[in-house]
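Take a look at the structure set out below.
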Amino acid sequence: MSLSIRPLHGMRWRQWLLLLWPAVAALLALPAAAAPARDTLTMGMVQFPPDMHPNITVTSIKDLILYTVSRPVTGFDEKGTVICLLCTELPTLKNGRARVVKRPDGTDGMEVLFTLSSDLFWGDGQPVTAKDVVFAFDVQKAFSVPPTLEKVEALGSRTVKLTLKVVRYDFDRVCPTPMAEHIEGKIFRAAKDPLDYGQKSLFNRKPDEPGLWFGPYRIAEFKPNESLLLTPNPHWKGRKPYFQKVTMRLVENTSALQANLLAGDVDTVAPGNLGLSLDQHLALSKAHAARFDFTFIPSVASFEHLAVKLDNRILADKRARQAILMAIDRKTMVAKLFDNRFQVAQSFKHPTQFGWDPKLKSYPYDPGASRKLLAELGYKPGADGYLVNASGQKLSIDLVSTAGNRVRELVEQVIQTQLKAVGIEVVINNEPARVMFGESLRKRSYKGLVLYQADHRLDSVPYEFFHSSFIPRAENNFTGTNYAGFSHPGMDKALTEAWAALEPVDRAAAFKRILDIAAEELPILPLYFPTTATLTPKWVTGMVNPKRWGSIALWIEDWRAK
């Protein structure tokens, strides 16, 4: 049996092909259908927030997440100028939205007006109102009494009046971030105490409740110590977010995180020390430049340091703290570990920032001077080379940091080796980030030194960092961030005066006293100012915005597929 093809309508087969060919050629010439643009993004991170309540713990990873689902009332542009994020007009003395007033006791205070934009809505469609700012202040007071903010009142549906106990130069940055009163209010008012409220709050029990969030995204799924899913807030009136799903996934080890990235299990990583280490970024920028874009931004508002437990028997004497700092070769550490991309820190304040004093007392690497101070404290070499006191007790100090962070583990090893050279034993006892920040720092249960990064706002007075009222204790529900336990009347006075100085020259004088006391007493041991590295997949744009200062998450609605 054979198969034959009959000409159509009497035409030969070859003639039929010739007739059909132009149409076939035209079809073949059409471009292939473009692959649909990706609308999901997965970010890997080495830390996970211990809770999602804005007032209970302070961690960089929680801030990163909160910026995607909410916004502070004000922020900064690329020049460090304060700008409105939620308000209609920045309060100033000139426009009358801020004014100095006499208080009943005869002292000077301030009244400041903020008006919220009319296009702010919670994820359940309810408008963000002045009542939400008042409620946020009530919650803030329950956890830690604000040192200067006395009262927040609603003047209509969108305007709030803030009453300050003192004059503050940064009055344009003190408005509480709105909190969903229509959801959390009844839970807060029914709670026995702040601890009871924290346990019952939907921020912790059900953070995927849409009405808790008013940013471009909301938390749609939350798996503790594992991952969270962000989806667009349908009621966000700003620029519409592009990605329909943003997953933030915990990988508690920087090496494993890099492996996940290269395998495609995550698309990008959290910036700075929340993701990969700097050396990993540098290596990847050479080996995978065709796949990722890399941005390296030197930090001026964040610094790595050692918090000192000042009620530790050994560390209580400032000579011991000074000896430790002089025994650490920070210059070589920065050169060897970070290719000189980090900057050695002499203080908590960066030399480019307002208030810096170039004549500030510093502690260069000097192991000889370190040994001399330790000898003054009564320590002498023991049989194993470590120093001992008159009772034969070894000079041993506990050091804790976030487990799984490769950079910090390397820094710890350097510190351990260099302090051993002057006779100090360092015992490393690292903990998961959620434990270190949620318990050890918050309740000051650590024993000696803690290595971590502190993030300060631009041009800010480090009141929460050094003032005695911010030592974590039961009275402030352990929300203080003076983890060292530093209590110094001179520092308290200088911090208050710096806040109250409306004239820059007066504020600079107060800052000098703050810097001098911190340098003499060393409640914290400064190490370096890091460089924040951001890794962007080639198919993504908008993650880094050079015209805006602050966390990349503050502008997440600009992230898009190319």
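Each chain of the structure tokens is named A, B, ... in the order shown, its residues numbered from 1; ligands are numbered from 1 in display order.
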
If we count only C-alpha atoms and set the cut-off at 12 Å, which residues sit around Ala369 (chain A), ignoring sequence neighbours fewer than 2 positions away in its own chain? Please answer as a ChimeraX atom specification.
/A:319-320,322-328,363-367,371-376,422

Please run DSSP on the backbone and report, as a VMD selection string, all residues within region 5-216 of chain A that come out as helix (DSSP H, G or I).
chain A and resid 8 to 10 13 to 29 60 to 69 130 to 143 171 to 173 181 to 190 194 to 200 202 to 205 210 to 212

For region 354-360 of chain A, work out the shell of residues within 10 Å, counting only C-alpha atoms and skipping chain neighbours fewer than 6 positions away, then give it as a PDB file with N, CA and C atoms, in the first residue's frame.
ATOM      1  N   GLN A 346      36.464  55.193  66.238  1.00  0.00           N
ATOM      2  CA  GLN A 346      37.016  55.698  67.496  1.00  0.00           C
ATOM      3  C   GLN A 346      35.897  56.017  68.486  1.00  0.00           C
ATOM      4  N   SER A 347      34.669  56.030  67.976  1.00  0.00           N
ATOM      5  CA  SER A 347      33.517  56.374  68.805  1.00  0.00           C
ATOM      6  C   SER A 347      32.268  55.863  68.111  1.00  0.00           C
ATOM      7  N   PHE A 348      31.121  56.093  68.730  1.00  0.00           N
ATOM      8  CA  PHE A 348      29.854  55.746  68.101  1.00  0.00           C
ATOM      9  C   PHE A 348      29.516  56.687  66.968  1.00  0.00           C
ATOM     10  N   LEU A 458      20.395  59.444  61.459  1.00  0.00           N
ATOM     11  CA  LEU A 458      21.293  60.547  61.140  1.00  0.00           C
ATOM     12  C   LEU A 458      21.074  61.707  62.107  1.00  0.00           C
ATOM     13  N   ASP A 459      22.151  62.346  62.496  1.00  0.00           N
ATOM     14  CA  ASP A 459      22.072  63.554  63.317  1.00  0.00           C
ATOM     15  C   ASP A 459      21.274  63.322  64.595  1.00  0.00           C
ATOM     16  N   SER A 460      21.430  62.153  65.197  1.00  0.00           N
ATOM     17  CA  SER A 460      20.640  61.867  66.387  1.00  0.00           C
ATOM     18  C   SER A 460      21.497  61.913  67.645  1.00  0.00           C
ATOM     19  N   VAL A 461      20.864  62.302  68.740  1.00  0.00           N
ATOM     20  CA  VAL A 461      21.491  62.240  70.056  1.00  0.00           C
ATOM     21  C   VAL A 461      21.331  60.811  70.571  1.00  0.00           C
ATOM     22  N   ALA A 498      21.995  68.320  74.783  1.00  0.00           N
ATOM     23  CA  ALA A 498      22.149  68.217  73.331  1.00  0.00           C
ATOM     24  C   ALA A 498      20.787  68.218  72.654  1.00  0.00           C
ATOM     25  N   PRO A 504      22.928  75.169  66.567  1.00  0.00           N
ATOM     26  CA  PRO A 504      23.956  74.166  66.292  1.00  0.00           C
ATOM     27  C   PRO A 504      25.217  74.315  67.134  1.00  0.00           C
ATOM     28  N   VAL A 505      25.627  75.549  67.435  1.00  0.00           N
ATOM     29  CA  VAL A 505      26.852  75.742  68.216  1.00  0.00           C
ATOM     30  C   VAL A 505      26.682  75.199  69.633  1.00  0.00           C
ATOM     31  N   ARG A 507      24.546  72.801  70.461  1.00  0.00           N
ATOM     32  CA  ARG A 507      24.434  71.353  70.358  1.00  0.00           C
ATOM     33  C   ARG A 507      25.813  70.714  70.165  1.00  0.00           C
ATOM     34  N   ALA A 508      26.662  71.352  69.411  1.00  0.00           N
ATOM     35  CA  ALA A 508      28.016  70.837  69.200  1.00  0.00           C
ATOM     36  C   ALA A 508      28.785  70.776  70.522  1.00  0.00           C
ATOM     37  N   ALA A 509      28.598  71.779  71.387  1.00  0.00           N
ATOM     38  CA  ALA A 509      29.279  71.787  72.681  1.00  0.00           C
ATOM     39  C   ALA A 509      28.791  70.632  73.549  1.00  0.00           C
ATOM     40  N   ALA A 510      27.485  70.364  73.512  1.00  0.00           N
ATOM     41  CA  ALA A 510      26.938  69.239  74.277  1.00  0.00           C
ATOM     42  C   ALA A 510      27.426  67.915  73.713  1.00  0.00           C
ATOM     43  N   PHE A 511      27.505  67.823  72.391  1.00  0.00           N
ATOM     44  CA  PHE A 511      28.005  66.607  71.759  1.00  0.00           C
ATOM     45  C   PHE A 511      29.454  66.336  72.160  1.00  0.00           C
ATOM     46  N   LYS A 512      30.229  67.383  72.296  1.00  0.00           N
ATOM     47  CA  LYS A 512      31.631  67.194  72.708  1.00  0.00           C
ATOM     48  C   LYS A 512      31.697  66.523  74.075  1.00  0.00           C
ATOM     49  N   ARG A 513      30.829  66.962  75.010  1.00  0.00           N
ATOM     50  CA  ARG A 513      30.830  66.333  76.333  1.00  0.00           C
ATOM     51  C   ARG A 513      30.369  64.868  76.255  1.00  0.00           C
ATOM     52  N   ILE A 514      29.384  64.593  75.392  1.00  0.00           N
ATOM     53  CA  ILE A 514      28.919  63.211  75.214  1.00  0.00           C
ATOM     54  C   ILE A 514      30.060  62.338  74.702  1.00  0.00           C
ATOM     55  N   LEU A 515      30.752  62.837  73.685  1.00  0.00           N
ATOM     56  CA  LEU A 515      31.860  62.080  73.104  1.00  0.00           C
ATOM     57  C   LEU A 515      32.983  61.884  74.111  1.00  0.00           C
ATOM     58  N   ASP A 516      33.295  62.924  74.864  1.00  0.00           N
ATOM     59  CA  ASP A 516      34.385  62.839  75.838  1.00  0.00           C
ATOM     60  C   ASP A 516      34.084  61.816  76.932  1.00  0.00           C
ATOM     61  N   ALA A 518      31.966  59.273  76.770  1.00  0.00           N
ATOM     62  CA  ALA A 518      31.948  57.933  76.177  1.00  0.00           C
ATOM     63  C   ALA A 518      33.366  57.425  75.932  1.00  0.00           C
ATOM     64  N   ALA A 519      34.268  58.321  75.524  1.00  0.00           N
ATOM     65  CA  ALA A 519      35.646  57.914  75.251  1.00  0.00           C
ATOM     66  C   ALA A 519      36.416  57.617  76.530  1.00  0.00           C
ATOM     67  N   GLU A 520      36.102  58.304  77.589  1.00  0.00           N
ATOM     68  CA  GLU A 520      36.800  58.084  78.856  1.00  0.00           C
ATOM     69  C   GLU A 520      36.268  56.849  79.577  1.00  0.00           C
TER      70      GLU A 520
END

Find the nearest atom pair between each residue of region 423-519 of chain A and region 257-274 of chain A for residues within 12 Å, count only C-alpha atoms, give distances in Å to one decimal, sort rows by chain and ascending number, and present the table as CSV.
residue,atom,partner,partner_atom,distance
A:Ala433,CA,A:Leu274,CA,10.2
A:Tyr452,CA,A:Asn273,CA,9.6
A:Gln453,CA,A:Asn273,CA,8.4
A:Ala454,CA,A:Asn273,CA,11.2
A:Asp455,CA,A:Asn273,CA,11.6

Would you give me, as CSV, each residue of region 34-92 of chain A having an atom within 9 Å of an atom of region 107-131 of chain A, along with its shortest atom pair and that distance in Å to one decimal, using only C-alpha atoms and sorting by chain and residue number?
residue,atom,partner,partner_atom,distance
A:Val73,CA,A:Leu116,CA,8.1
A:Leu85,CA,A:Ser117,CA,8.9
A:Leu86,CA,A:Leu116,CA,5.7
A:Cys87,CA,A:Leu116,CA,4.3
A:Thr88,CA,A:Ser117,CA,5.4
A:Glu89,CA,A:Thr115,CA,7.1
A:Leu90,CA,A:Phe114,CA,7.4
A:Pro91,CA,A:Leu113,CA,6.5
A:Thr92,CA,A:Val112,CA,8.4

Select, from A:Lys493, A:Lys318, A:Arg249, A:Arg313, the residue with the minimum atom-to-atom distance to Gly275 (chain A), counting only C-alpha atoms.
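Among A:Lys493, A:Lys318, A:Arg249, A:Arg313, it is A:Arg249 that comes nearest to Gly275 (chain A).
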
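Excluding Val388 (chain A) itself and same-chain residues fewer than 3 positions from it, the residues having an atom within 12 Å of it are Ile314, Leu374, Ala375, Leu377, Gly378, Tyr379, Lys380, Pro381, Gly382, Ala383, Asp384, Gly385, Ser391, Gly392, Gln393, Lys394, Leu395, Ser396, Val422, Gly423, Ile424 and Glu425 of chain A, counting only C-alpha atoms.
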
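Closest approach to Phe466 (chain A) from the set A:Pro489, A:Pro207, A:Gly542, A:Gly550 is made by A:Pro489, with distances taken over only C-alpha atoms.
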
For Gly485 (chain A), please output as a PyMOL selection string all residues within 12 Å (counting only C-alpha atoms; exclusion window: fewer than 3 positions along the same chain).
chain A and resi 307-312+315-316+441-446+448+464-473+478+480-482+488+522-524

Shortest contact to Asp193 (chain A), candidates A:Ala98, A:Ala142, A:Val427, A:Val58, atoms counted only C-alpha atoms, goes to A:Ala142

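Of note, CA of Arg560 (chain A) and CA of Val246 (chain A) are spaced 11.5 Å apart.
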
Of the listed residues A:Val133, A:Val139, A:Leu525, A:Ile428, that which approaches Ala345 (chain A) most closely, counting only C-alpha atoms
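Closest residue, counting only C-alpha atoms: A:Leu525.
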
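For the choices A:Val166, A:Ala390, A:Ile56, A:Leu278, the atom-to-atom distance to Ile297 (chain A) is smallest for A:Leu278 when using only C-alpha atoms.
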
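Across region 64-128 of chain A, DSSP run on the backbone finds strand (DSSP E or B) at Thr74, Gly75, Phe76, Asp77, Val82, Ile83, Cys84, Cys87, Ala98, Arg99, Val100, Val101, Lys102, Asp108, Gly109, Met110, Glu111, Val112, Leu113, Phe114, Thr115, Leu116, Phe121 and Pro127 of chain A.
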
Keeping only C-alpha atoms, take the residues you just selected and write them out as a PDB file, in the first residue's frame.
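Resulting contents of selection.pdb:
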ATOM      1  CA  THR A  74       9.311  61.418  58.623  1.00  0.00           C
ATOM      2  CA  GLY A  75      12.539  60.257  57.011  1.00  0.00           C
ATOM      3  CA  PHE A  76      15.616  61.618  55.243  1.00  0.00           C
ATOM      4  CA  ASP A  77      16.619  62.391  51.673  1.00  0.00           C
ATOM      5  CA  VAL A  82      14.359  65.578  57.077  1.00  0.00           C
ATOM      6  CA  ILE A  83      11.371  64.970  54.789  1.00  0.00           C
ATOM      7  CA  CYS A  84       7.714  63.992  55.254  1.00  0.00           C
ATOM      8  CA  CYS A  87       2.717  63.977  56.804  1.00  0.00           C
ATOM      9  CA  ALA A  98       6.314  73.944  66.050  1.00  0.00           C
ATOM     10  CA  ARG A  99       6.628  76.434  68.889  1.00  0.00           C
ATOM     11  CA  VAL A 100       8.349  76.807  72.234  1.00  0.00           C
ATOM     12  CA  VAL A 101       5.887  77.116  75.130  1.00  0.00           C
ATOM     13  CA  LYS A 102       6.070  77.704  78.876  1.00  0.00           C
ATOM     14  CA  ASP A 108      10.315  75.523  78.421  1.00  0.00           C
ATOM     15  CA  GLY A 109       8.622  72.817  76.387  1.00  0.00           C
ATOM     16  CA  MET A 110       7.282  72.530  72.855  1.00  0.00           C
ATOM     17  CA  GLU A 111       4.071  71.940  70.944  1.00  0.00           C
ATOM     18  CA  VAL A 112       4.386  70.369  67.502  1.00  0.00           C
ATOM     19  CA  LEU A 113       1.679  69.715  64.916  1.00  0.00           C
ATOM     20  CA  PHE A 114       1.736  66.870  62.381  1.00  0.00           C
ATOM     21  CA  THR A 115      -1.009  66.336  59.806  1.00  0.00           C
ATOM     22  CA  LEU A 116      -1.251  62.905  58.197  1.00  0.00           C
ATOM     23  CA  PHE A 121      -5.178  53.209  54.651  1.00  0.00           C
ATOM     24  CA  PRO A 127      -8.226  55.001  57.048  1.00  0.00           C
TER      25      PRO A 127
END
